[in-house]
Amino acid sequence: MGSVWGVVKGDCPECGTTIPENTLACPAAGCDYERKFDQEQYGFLVTCAYKPDDVDDEFFERTGYTREDVEEKNVEDWNARRLNNPQSDIQLDAAYLYRARLNGADLVRGSLNGTNLSGASLERAKLTAATLDRATLARAQGRQISASVMFNE
Ligand SMILES: [Zn+2]
């Protein structure tokens with residue numbers, strides 16, 4: 001499967017089987033569901049959405065980003081990259097984004113199924129046509145989340 005990280009466990013939207021953390025393919029026999037998750041994209045979003053003290057040393061080792069990168073980069077950098085790469089889909093299914101600072105973030109058409117956004121700040125985040133099936137939004141904050149969000153329950 002290749003090893004990914006930053007992916008939480010959750011139920012398969014197609015068959016309900018639990019997909020373990022850091023796993024993309026549903027383990028159930030006969031189910032071909034696979035999470036859409038772009039490891040490099042996740043690393044960049046974490047760099048933009050957290051402060052250095054929020055992430056552990058393992059993050060820096062895995063990504064090559066430095067504390068300075070995490071300090072300097074913010075949601076504007078993420079949005080600039082979205083503008084420059086409109087053809088690349090946001091693939092962050094089951095991503096661990098607990099308490100991420102995503103105010104104003106461009107997550108348009110993002111695949112965020114099963115994503116953990118507990119406690120995240122989502123003021124003015126753009127989630128148009130994003131899919132958030134089984135995403136965790138407990139205590140997420142955002143009075144002006146721009147909608148057309150599809151909840152496929
Ligand atoms: Zn399944």
# chains A, B, ... in the order shown; residues from 1 in each chain; ligands from 1

call {"tool": "residues_around", "arguments": {"residues": "region 46-63 of chain A", "least_positions_apart": "2", "cutoff": "10 Å", "atoms": "only C-alpha atoms", "output": "ChimeraX atom specification"}}
result
/A:5-6,39-44,65-79,96-103,105,120-121

call {"tool": "write_last_selection", "arguments": {"atoms": "N, CA and C atoms", "output": "short mmCIF file (atom, residue, chain, number, x, y, z; two decimals), in the first residue's frame"}}
result
data_model
loop_
_atom_site.label_atom_id
_atom_site.label_comp_id
_atom_site.auth_asym_id
_atom_site.auth_seq_id
_atom_site.Cartn_x
_atom_site.Cartn_y
_atom_site.Cartn_z
N TRP A 5 1.05 8.86 6.30
CA TRP A 5 0.91 9.28 7.68
C TRP A 5 0.02 10.52 7.70
N GLY A 6 -0.51 10.81 8.89
CA GLY A 6 -1.44 11.93 8.99
C GLY A 6 -2.85 11.53 8.60
N GLN A 39 -0.03 12.82 0.00
CA GLN A 39 0.87 13.01 1.13
C GLN A 39 1.60 14.35 1.09
N GLU A 40 2.07 14.70 -0.09
CA GLU A 40 2.84 15.95 -0.21
C GLU A 40 1.92 17.16 0.07
N GLN A 41 0.70 17.08 -0.45
CA GLN A 41 -0.27 18.16 -0.24
C GLN A 41 -0.59 18.30 1.26
N TYR A 42 -0.73 17.17 1.93
CA TYR A 42 -1.00 17.20 3.37
C TYR A 42 0.14 17.90 4.12
N GLY A 43 1.37 17.54 3.79
CA GLY A 43 2.51 18.16 4.47
C GLY A 43 2.51 19.66 4.29
N PHE A 44 2.18 20.10 3.08
CA PHE A 44 2.17 21.55 2.83
C PHE A 44 1.04 22.22 3.59
N TYR A 65 10.38 20.09 5.84
CA TYR A 65 10.08 21.48 6.20
C TYR A 65 10.77 21.82 7.52
N THR A 66 11.08 23.08 7.70
CA THR A 66 11.74 23.54 8.92
C THR A 66 10.75 24.28 9.81
N ARG A 67 11.17 24.52 11.05
CA ARG A 67 10.34 25.32 11.95
C ARG A 67 10.05 26.69 11.34
N GLU A 68 11.06 27.23 10.64
CA GLU A 68 10.87 28.54 10.01
C GLU A 68 9.78 28.47 8.94
N ASP A 69 9.79 27.39 8.17
CA ASP A 69 8.74 27.24 7.15
C ASP A 69 7.37 27.27 7.80
N VAL A 70 7.23 26.51 8.89
CA VAL A 70 5.92 26.40 9.55
C VAL A 70 5.54 27.75 10.17
N GLU A 71 6.54 28.45 10.68
CA GLU A 71 6.29 29.76 11.27
C GLU A 71 5.81 30.76 10.20
N GLU A 72 6.47 30.72 9.05
CA GLU A 72 6.22 31.75 8.04
C GLU A 72 5.00 31.47 7.17
N LYS A 73 4.80 30.21 6.85
CA LYS A 73 3.73 29.92 5.88
C LYS A 73 2.37 29.91 6.56
N ASN A 74 1.40 30.41 5.83
CA ASN A 74 0.04 30.44 6.37
C ASN A 74 -0.95 30.13 5.25
N VAL A 75 -2.19 30.33 5.57
CA VAL A 75 -3.24 29.95 4.61
C VAL A 75 -3.11 30.69 3.28
N GLU A 76 -2.55 31.89 3.31
CA GLU A 76 -2.36 32.61 2.05
C GLU A 76 -1.42 31.86 1.11
N ASP A 77 -0.42 31.20 1.69
CA ASP A 77 0.50 30.41 0.86
C ASP A 77 -0.22 29.20 0.26
N TRP A 78 -1.04 28.58 1.10
CA TRP A 78 -1.85 27.46 0.59
C TRP A 78 -2.74 27.94 -0.55
N ASN A 79 -3.43 29.07 -0.36
CA ASN A 79 -4.35 29.56 -1.38
C ASN A 79 -3.61 29.96 -2.66
N TYR A 96 -5.65 14.16 9.25
CA TYR A 96 -5.69 14.63 10.63
C TYR A 96 -5.44 16.13 10.62
N LEU A 97 -6.50 16.91 10.84
CA LEU A 97 -6.37 18.38 10.83
C LEU A 97 -6.99 18.97 12.10
N TYR A 98 -6.80 18.26 13.20
CA TYR A 98 -7.31 18.70 14.49
C TYR A 98 -6.80 20.10 14.83
N ARG A 99 -7.72 20.98 15.13
CA ARG A 99 -7.41 22.37 15.51
C ARG A 99 -6.58 23.12 14.46
N ALA A 100 -6.67 22.70 13.22
CA ALA A 100 -5.96 23.42 12.16
C ALA A 100 -6.55 24.82 11.98
N ARG A 101 -5.69 25.76 11.66
CA ARG A 101 -6.14 27.13 11.41
C ARG A 101 -6.39 27.26 9.90
N LEU A 102 -7.63 27.13 9.53
CA LEU A 102 -7.99 27.10 8.11
C LEU A 102 -8.89 28.26 7.74
N ASN A 103 -8.81 29.35 8.49
CA ASN A 103 -9.63 30.52 8.17
C ASN A 103 -9.31 31.02 6.77
N ALA A 105 -9.29 29.38 4.04
CA ALA A 105 -8.59 28.42 3.18
C ALA A 105 -9.44 28.00 1.99
N ALA A 120 -11.12 22.74 14.45
CA ALA A 120 -10.45 23.56 13.43
C ALA A 120 -11.16 24.90 13.28
N SER A 121 -10.42 25.92 12.88
CA SER A 121 -11.00 27.22 12.57
C SER A 121 -11.29 27.26 11.07
#

call {"tool": "residues_near_ligand", "arguments": {"ligand": "ligand 1", "cutoff": "10 Å", "atoms": "only C-alpha atoms and all ligand atoms", "output": "list in words"}}
result
Asp11, Cys12, Pro13, Glu14, Cys15, Gly16, Thr17, Thr18, Ile19, Ala25, Cys26, Pro27, Ala28, Ala29, Gly30, Cys31, Asp32, Tyr33 and Glu34 of chain A

call {"tool": "write_last_selection", "arguments": {"atoms": "C-alpha atoms", "output": "mmCIF file, in the first residue's frame"}}
result
data_model
loop_
_atom_site.group_PDB
_atom_site.id
_atom_site.type_symbol
_atom_site.label_atom_id
_atom_site.label_comp_id
_atom_site.auth_asym_id
_atom_site.auth_seq_id
_atom_site.Cartn_x
_atom_site.Cartn_y
_atom_site.Cartn_z
ATOM 1 C CA ASP A 11 -15.405 3.716 8.576
ATOM 2 C CA CYS A 12 -15.378 2.875 4.889
ATOM 3 C CA PRO A 13 -18.187 4.916 3.236
ATOM 4 C CA GLU A 14 -19.044 1.980 1.012
ATOM 5 C CA CYS A 15 -19.097 -1.030 3.330
ATOM 6 C CA GLY A 16 -18.692 0.361 6.853
ATOM 7 C CA THR A 17 -15.566 -1.624 7.659
ATOM 8 C CA THR A 18 -13.061 0.260 9.787
ATOM 9 C CA ILE A 19 -10.095 1.471 7.771
ATOM 10 C CA ALA A 25 -7.448 1.053 0.904
ATOM 11 C CA CYS A 26 -10.449 -0.499 2.626
ATOM 12 C CA PRO A 27 -9.305 -3.851 4.058
ATOM 13 C CA ALA A 28 -12.642 -5.619 3.486
ATOM 14 C CA ALA A 29 -12.610 -8.434 0.967
ATOM 15 C CA GLY A 30 -14.431 -7.425 -2.188
ATOM 16 C CA CYS A 31 -14.467 -3.694 -1.377
ATOM 17 C CA ASP A 32 -12.366 -1.570 -3.654
ATOM 18 C CA TYR A 33 -12.827 1.749 -1.853
ATOM 19 C CA GLU A 34 -9.651 3.718 -1.521
#

call {"tool": "atom_distance", "arguments": {"atom1": "CA of Ala130 (chain A)", "atom2": "CA of Gln91 (chain A)"}}
result
10.3 Å

call {"tool": "select_by_dssp", "arguments": {"residues": "chain A", "states": "strand (DSSP E or B)", "output": "PyMOL selection string"}}
result
chain A and resi 7+10-11+18-19+25+34+37+91-92+95-96+101+106+111+116+121+126+131+136+141+146+150

call {"tool": "atom_distance", "arguments": {"atom1": "CA of Ala135 (chain A)", "atom2": "CA of Leu45 (chain A)"}}
result
17.1 Å

call {"tool": "select_by_dssp", "arguments": {"residues": "chain A", "states": "helix (DSSP H, G or I)", "output": "PyMOL selection string"}}
result
chain A and resi 39-49+52-54+57-63+67-72+75-84

call {"tool": "residues_around", "arguments": {"residues": "Asp93 (chain A)", "least_positions_apart": "6", "cutoff": "7 Å", "atoms": "only C-alpha atoms", "output": "compact mmCIF listing (two decimals) with C-alpha atoms, in the first residue's frame"}}
result
# COMPACT_ATOMS: atom_id res chain seq x y z
CA ARG A 35 -9.14 7.03 0.22
CA LYS A 36 -7.90 9.93 -1.88
CA PHE A 37 -4.94 11.31 -0.03
CA SER A 111 -12.04 15.44 -1.08
CA LEU A 112 -12.29 15.58 2.71
CA ASN A 113 -14.17 12.39 3.45
CA GLY A 114 -13.54 11.17 6.96
CA THR A 115 -11.23 14.11 7.63

call {"tool": "atom_distance", "arguments": {"atom1": "CA of Arg109 (chain A)", "atom2": "CA of Asn85 (chain A)"}}
result
13.2 Å

call {"tool": "closest_residue", "arguments": {"among": "A:Ile90, A:Ala95, A:Val4, A:Leu24", "to": "Arg134 (chain A)", "atoms": "only C-alpha atoms"}}
result
A:Ala95
